[in-house]
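*Asks:* Provided herewith is a single structure, encoded as structure tokens, for subsequent inquiry.
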Amino acid sequence: MSHDGVTLRAITRSVAFLTAGALAVPAVTGCGSEDPAGKPLAGQDIAPAARALVADGGTLRWAVDAVPETLNTFQADADAATGRIAQAVLPSMYRLDRNGRPERNPDYLESAKVVGTEPKQVVLYKLNQQAVWSDGREIGAADFAAQWRALSGKDTAYWTARNAGYDRIERIERGANDLEVRVTFQRPYADWRSLFSPLYPKDVMGTPDAFNDSARKKLKVTAGPFAVTKVDHKGDEVVLARNPRWWGHPAKLSEIVLRAVPRDQRAEALAAGKIDLAEIDPESAGRVTLAGRAKGTATPLQGPDSAKALRSWAVAHGSDEEAADEEITAREERRRAIVRYEHQQRALQGFEVRKSLEPAYTQLALNGADGPLADERVRRAVARALDREELAKAVLKPLGLPAVPVGSHLALSGQAAYADNSGALGGQDTAEARALLADAGWVLGGPVEEEKAKEKAKKGEKAAGGKGEKAGSESSEKAGSESSEKAGSENSEKETAGADKGTYIVGEDDKGPGDHHGDEHGGGTHLAQDGKQYANKLKQGGAPGAYAPKGTPAPAGAAAGPLAKDGKPLTLRFVLPSGPGSRTLNTVADRITRMLRKVGIRTEISKVEDESYFKDHIASGQYDLALYSWPASAFPATDARPIFAKPVPAADGSLNVEQNYTRVGTDQVDQLFDQAAATLDEGESKGLIRKADARIWAAAGSIPLYQRPQLTAVRKDLANVGAFGFRTPVYEDMGYLKKGAKPAPGGSASASAD
């Protein structure tokens, strides 16, 4: 997961007294009806080319966020780079097609099917007879069995991050010959295709020591088109080289170098020739696109506008010599910056932006542990205040990508389980949002504690009367002063507390977040440890000015006044990352705060360091509202369950939330996930997943907004690489085009051999 950022496969959910379980949900699509899964909103953009057009040799330098701490994808600190390496060097029985659905990988698997269901489910794998590990040993049942034992959860000496699916296996045995593997399950398991992808050799999985330690820094034995030859944490790179024992189409590239480059430095690294391929943010994408259109612009502030000329001009216009020198220095620095920028722009002319949509979506998370959002009616009001289409357009339309709101928590358009179930909650409706808030007891213009103190002081003034009027006035001023000092002290504490970089209140006046203090520029991704919801929420005063008589309608389109209940205003703490790459999230948050203000909900914006965003705020529950992303798995019954599971009390009294950072869940959703995972009929399983999604929508713990954009800067002569969308990359086909060759204008590259 990431905040606009997330990893794949988690390393990534009223009317009065209305509950999620009581809502009607859309009927499951019947036979003969149009498939609600639809098609992907955007396809791959990888400059596809037949292998015959791709040159043999060359090095691809690929930017990653960091050199991975482990090469074992089943450990808690595995990241996106760990997964990328595994795709290139290890077997996967299944990979994803362009629709985000699992397809058999013929390089490893000739066939796999369920051959028995009574009394137990049995899956028979028939392996490719050429499939061997890099040490020459055949891939076989011993490797499958070792991985099952390591990930089953029965031996706690293995430090595993997940064991879903493997814990359902009863035994693994050799089939009729060495190429067959029989897997028998204790309980039916619909997502059996998710297993053994990737598959590690028994050398890694065979003992806890090997699993926990030896596979972290190196993989001695592999079985992919590439092999790991170097992991250099000091040099910030991992080197993958051709595997000489690879039996499939030989890799076109000689090497792939994964180089750690921070996202805010990638445009400069591309221009400097340090990397050839990088996922980039919209601002960097704009630079690359602009450079591609440029035809050699002149560099300003060159020639006669030299440092000497600048100094003479400054002195002639009244500056003393010291001031002139300072101005010269400043101008020279600006000139050099412009020159550097234009040199970089010329270098970027050799790149292009390839774009698609990631198999992940960004959501607004609503923490339902306590506070106002513990009330389902308030969560639903927040959701009904949002114009999701406007938010999607704000992010995707400027990039030329389809701006369609995501309609499911559990799949994306094109994936088998997708259906737009947002109707279970309802679309944007300001009047309905206000009605829900009123039903929950939040009153427009209700008194808050600070105003109560002033009112009490005023009553004291009236009681004094006559000669006591002056004393009453002084008492009132004193009370007001003390109240102001208290509020000021609290605001001061709020601005300096914890890891927050900036905190400001949205909704107290007509200013938006950009008009307040705090970090104005952010830019754009875990296993949760439970924590208590933050305490001592700060008290805020009411809106300035007199309140209109009760029942006075507001002008059409006007912002609602603040809502209050039990002497407290309805203020939600909106936590956002502040680092480079989070600008998109901050733009979305600004629009959300304006939408919420229209229904009377104020937001307290807190911008925190990226490093603490998930650990100290999202995972520990220190937020009311937050933006972050989840992957859309091909196996939602398995992978999405911990994200939406109902939190349960642990033995030590804490709350076990798994990965459900919103703390909103129901028994019914859990039951639907369990039924879907145990149903071998694919159509029935999809229907159960869609029902679960409708109920997740109804509970309003999280609101899917838009599919994440995928922007990749790539050298123009690189083929079969770029923005992959749903599809698993084919590493052996990546490479540099031969001289004069051009990629196909669309579609997929031919899989023909050289």
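Starting from 1 in every chain, residues are counted up; chains themselves are A, B, ... following the order of the structure tokens, and ligands are numbered from 1 as listed.
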Counting only C-alpha atoms, which residues in range 209-289 of chain A sit no more than 8 Å from range 350-371 of chain A? For each one, give the nearest pair of atoms and the distance in Å, sorted by chain then residue number, as a Markdown table.
*Replies:*
| residue | atom | partner | partner_atom | distance |
| --- | --- | --- | --- | --- |
| A:Ala285 | CA | A:Val353 | CA | 6.3 |
| A:Val288 | CA | A:Glu352 | CA | 6.3 |
| A:Thr289 | CA | A:Glu352 | CA | 6.6 |
*Asks:* Find the residues around Trp192 in chain A up to 12 Å (only C-alpha atoms counted), leave out those fewer than 4 positions away in its own chain, and share them as a PyMOL selection string.
*Replies:* chain A and resi 93-94+102+112-114+121-125+164-169+183-185+187-188+196-197+634-635+637-638+677-680+682
*Asks:* Here is a test: counting only C-alpha atoms, which residue of A:Asp135, A:Glu173, A:Glu255, A:Glu180 is nearest to Leu109 in chain A?
*Replies:*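 Of the candidates, the smallest distance to Leu109 in chain A is held by A:Glu180.
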*Asks:* I need the residue nearest Asp429 in chain A from this list: A:Asp155, A:Glu604, A:Glu283, A:Asp387. Use only C-alpha atoms for the distance.
*Replies:*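 Using only C-alpha atoms, the shortest distance to Asp429 in chain A belongs to A:Asp387.
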*Asks:* Have a look at A:Ile46, A:Ala383, A:Val115, A:Ala176 and name the one nearest to Arg727 in chain A; count only C-alpha atoms.
*Replies:*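 Selected residue with least distance to Arg727 in chain A: A:Ile46.
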